[in-house]
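These notes are about the structure you will find just below.
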Amino acid sequence: GKICVVIDVLRATTTVCAALDNGALSVIPVRDVEQALSLQKEGNLVGGERNGIKISEFDFGNSPKEYTPELIEHKKVVLTTTNGTKAIDLSSDAKEIFAASFANISALCAYLKSSDLDIVLFCAGWKNRVNLEDSLFAATVMHSLSDYCAPTGDSAQLLSQWYDGLDNNLTRGKILRNASHVHRFEKLGVTDLEYCITDDLHPVLPKLQNGELVDIHS
């Protein structure tokens, strides 16, 4: 009965925002590679990764930069990732499910401020562990909503207090420089960090409807 905001900043939910903003009809999140390959045989484009590495049979990896209008406009895209699409699947009992990242943070917060439902910020993390980038996003959203609602639960309060104590001169890049996922990216040669921590590059509002993420932002 709640709104569930699924957060996988590096990179699944950023990729969802990029794909929808660049003209994809929808993004179909699936948990398993086998399911994605089955949908590919039906004529859908397929993207994603495992452990940060593109699946060899897929059309795309999990970089938002890959999902350009020339390749995806007016098409459906199937996506499966190590953490983000798993989190979406685990959210299935929520009343409303959204994919969120810094790329669409303003559109998301505007919607949340207009709703009277309870909100769950679901950080996908990394293989069932806390990660810094998703936590930073969740804390940023809570700060934006502080005049509308208060964090409940220990984890939300810890994040809120941590965020309030950050040095105002710190950039997101500096906050995340020691994040484990950033180091993982560096080893893989991935250069998406700055892209994924930039506000409002893709002002869409991806909502899960009938198993597909579609943009409801007007």
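Note on naming: chains are A, B, ... as they come in the structure tokens, residues start from 1 per chain, ligands start from 1 in the order shown.
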Find the residues near Arg172 in chain A: any atom within 10 Å, counting only C-alpha atoms, skip ones fewer than 5 places away on the same chain, and give them as a PDB file with N, CA, C and O atoms, in the first residue's frame.
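Below is the file that was written, selection-v6.pdb:
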ATOM      1  N   GLU A 133      26.473   5.165  -2.932  1.00  0.00           N
ATOM      2  CA  GLU A 133      25.802   6.029  -3.902  1.00  0.00           C
ATOM      3  C   GLU A 133      24.279   5.997  -3.763  1.00  0.00           C
ATOM      4  O   GLU A 133      23.617   7.034  -3.829  1.00  0.00           O
ATOM      5  N   LEU A 136      23.366   7.867  -0.610  1.00  0.00           N
ATOM      6  CA  LEU A 136      23.462   9.315  -0.799  1.00  0.00           C
ATOM      7  C   LEU A 136      22.221   9.843  -1.511  1.00  0.00           C
ATOM      8  O   LEU A 136      21.679  10.893  -1.147  1.00  0.00           O
ATOM      9  N   PHE A 137      21.765   9.123  -2.515  1.00  0.00           N
ATOM     10  CA  PHE A 137      20.550   9.550  -3.216  1.00  0.00           C
ATOM     11  C   PHE A 137      19.353   9.541  -2.280  1.00  0.00           C
ATOM     12  O   PHE A 137      18.572  10.501  -2.242  1.00  0.00           O
ATOM     13  N   ARG A 177      34.162   9.078  -3.723  1.00  0.00           N
ATOM     14  CA  ARG A 177      35.455   8.664  -4.277  1.00  0.00           C
ATOM     15  C   ARG A 177      35.954   7.344  -3.693  1.00  0.00           C
ATOM     16  O   ARG A 177      36.718   6.618  -4.343  1.00  0.00           O
ATOM     17  N   LEU A 193      30.436   7.588 -13.911  1.00  0.00           N
ATOM     18  CA  LEU A 193      30.154   8.142 -12.594  1.00  0.00           C
ATOM     19  C   LEU A 193      29.577   9.548 -12.659  1.00  0.00           C
ATOM     20  O   LEU A 193      28.513   9.818 -12.093  1.00  0.00           O
ATOM     21  N   GLU A 194      30.250  10.472 -13.322  1.00  0.00           N
ATOM     22  CA  GLU A 194      29.783  11.857 -13.354  1.00  0.00           C
ATOM     23  C   GLU A 194      28.404  11.950 -13.993  1.00  0.00           C
ATOM     24  O   GLU A 194      27.553  12.725 -13.562  1.00  0.00           O
ATOM     25  N   ILE A 197      25.672  10.890 -11.465  1.00  0.00           N
ATOM     26  CA  ILE A 197      25.450  11.694 -10.259  1.00  0.00           C
ATOM     27  C   ILE A 197      25.102  13.134 -10.604  1.00  0.00           C
ATOM     28  O   ILE A 197      25.170  14.019  -9.742  1.00  0.00           O
ATOM     29  N   THR A 198      24.678  13.370 -11.843  1.00  0.00           N
ATOM     30  CA  THR A 198      24.270  14.703 -12.285  1.00  0.00           C
ATOM     31  C   THR A 198      22.751  14.826 -12.235  1.00  0.00           C
ATOM     32  O   THR A 198      22.030  13.961 -12.738  1.00  0.00           O
TER      33      THR A 198
END
DSSP helix (DSSP H, G or I) residues within range 83-153 of chain A, listed as a PyMOL selection string: chain A and resi 84-90+102-114+132-144
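Each of A:Leu90, A:Leu25, A:Leu166, A:Ala156 was checked against Asp215 in chain A using only C-alpha atoms; the smallest atom-to-atom distance is that of A:Leu25.
CA of Gln35 in chain A to CA of Leu188 in chain A spans 25.7 Å [interatomic distance, one decimal].
Shortest atom-to-atom contact with Val120 in chain A among A:Glu96, A:Ile3, A:Lys65, A:Val30: A:Ile3, counting only C-alpha atoms.
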Contacts of Phe58 in chain A at 7 Å (only C-alpha atoms; same-chain gap of 2+ positions) as number ranges by chain: A: 46-47, 55-56, 60
Coordinates-based distance that separates CA of Ala107 in chain A from CA of Gln157 in chain A (Å, one decimal): 23.6 Å
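Of the listed residues (A:Asn44, A:Ser180, A:Asn22, A:Ser91), A:Asn22 comes nearest to Leu201 in chain A; the distances count only C-alpha atoms.
Taking only range 7-159 of chain A, the residues that DSSP calls strand (DSSP E) from the backbone come to Ile7, Ser26, Val27, Ile28, Pro29, Leu45, Val46, Gly47, Gly48, Glu49, Arg50, Ile53, Lys54, Lys76, Val77, Val78, Leu79, Thr80, Glu96, Ile97, Phe98, Ala99, Ala100, Ile119, Val120, Leu121, Phe122 and Cys123 of chain A.
Considering the residues A:Asp164, A:Asp32, A:Cys17, A:Asn51 and counting only C-alpha atoms, His217 in chain A has its shortest atom-to-atom contact with A:Cys17.
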List as a PyMOL selection string the protein and nucleic acid residues near Asp199 in chain A, meaning an atom at most 10 Å away when only C-alpha atoms are counted, but skip any in the same chain fewer than 5 places from it. chain A and resi 101-106
Can you spit out the residues from that selection as a compact mmCIF listing (two decimals), in the first residue's frame, using all heavy atoms?
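Writing done, so here's out-v8.txt:
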# COMPACT_ATOMS: atom_id res chain seq x y z
N SER A 101 16.79 8.08 -9.85
CA SER A 101 18.22 8.35 -9.79
C SER A 101 18.39 9.86 -9.78
O SER A 101 17.42 10.62 -9.89
CB SER A 101 18.94 7.73 -10.99
OG SER A 101 18.57 8.40 -12.18
N PHE A 102 19.62 10.30 -9.67
CA PHE A 102 19.86 11.74 -9.73
C PHE A 102 19.37 12.31 -11.07
O PHE A 102 18.98 13.47 -11.16
CB PHE A 102 21.34 12.06 -9.54
CG PHE A 102 21.82 11.85 -8.13
CD1 PHE A 102 22.61 10.77 -7.80
CD2 PHE A 102 21.45 12.74 -7.13
CE1 PHE A 102 23.04 10.57 -6.48
CE2 PHE A 102 21.86 12.56 -5.81
CZ PHE A 102 22.67 11.46 -5.49
N ALA A 103 19.36 11.49 -12.10
CA ALA A 103 18.95 11.94 -13.43
C ALA A 103 17.51 12.42 -13.48
O ALA A 103 17.14 13.18 -14.38
CB ALA A 103 19.16 10.83 -14.46
N ASN A 104 16.68 11.98 -12.53
CA ASN A 104 15.27 12.42 -12.53
C ASN A 104 14.82 12.84 -11.13
O ASN A 104 13.64 12.79 -10.81
CB ASN A 104 14.36 11.32 -13.08
CG ASN A 104 14.20 10.13 -12.12
OD1 ASN A 104 15.10 9.82 -11.34
ND2 ASN A 104 13.06 9.47 -12.19
N ILE A 105 15.74 13.30 -10.31
CA ILE A 105 15.43 13.56 -8.91
C ILE A 105 14.36 14.64 -8.72
O ILE A 105 13.50 14.52 -7.85
CB ILE A 105 16.70 13.89 -8.11
CG1 ILE A 105 16.40 13.94 -6.60
CG2 ILE A 105 17.38 15.16 -8.61
CD1 ILE A 105 17.64 13.99 -5.73
N SER A 106 14.38 15.69 -9.53
CA SER A 106 13.39 16.76 -9.35
C SER A 106 11.98 16.29 -9.69
O SER A 106 11.02 16.59 -8.97
CB SER A 106 13.77 17.98 -10.19
OG SER A 106 14.96 18.56 -9.72
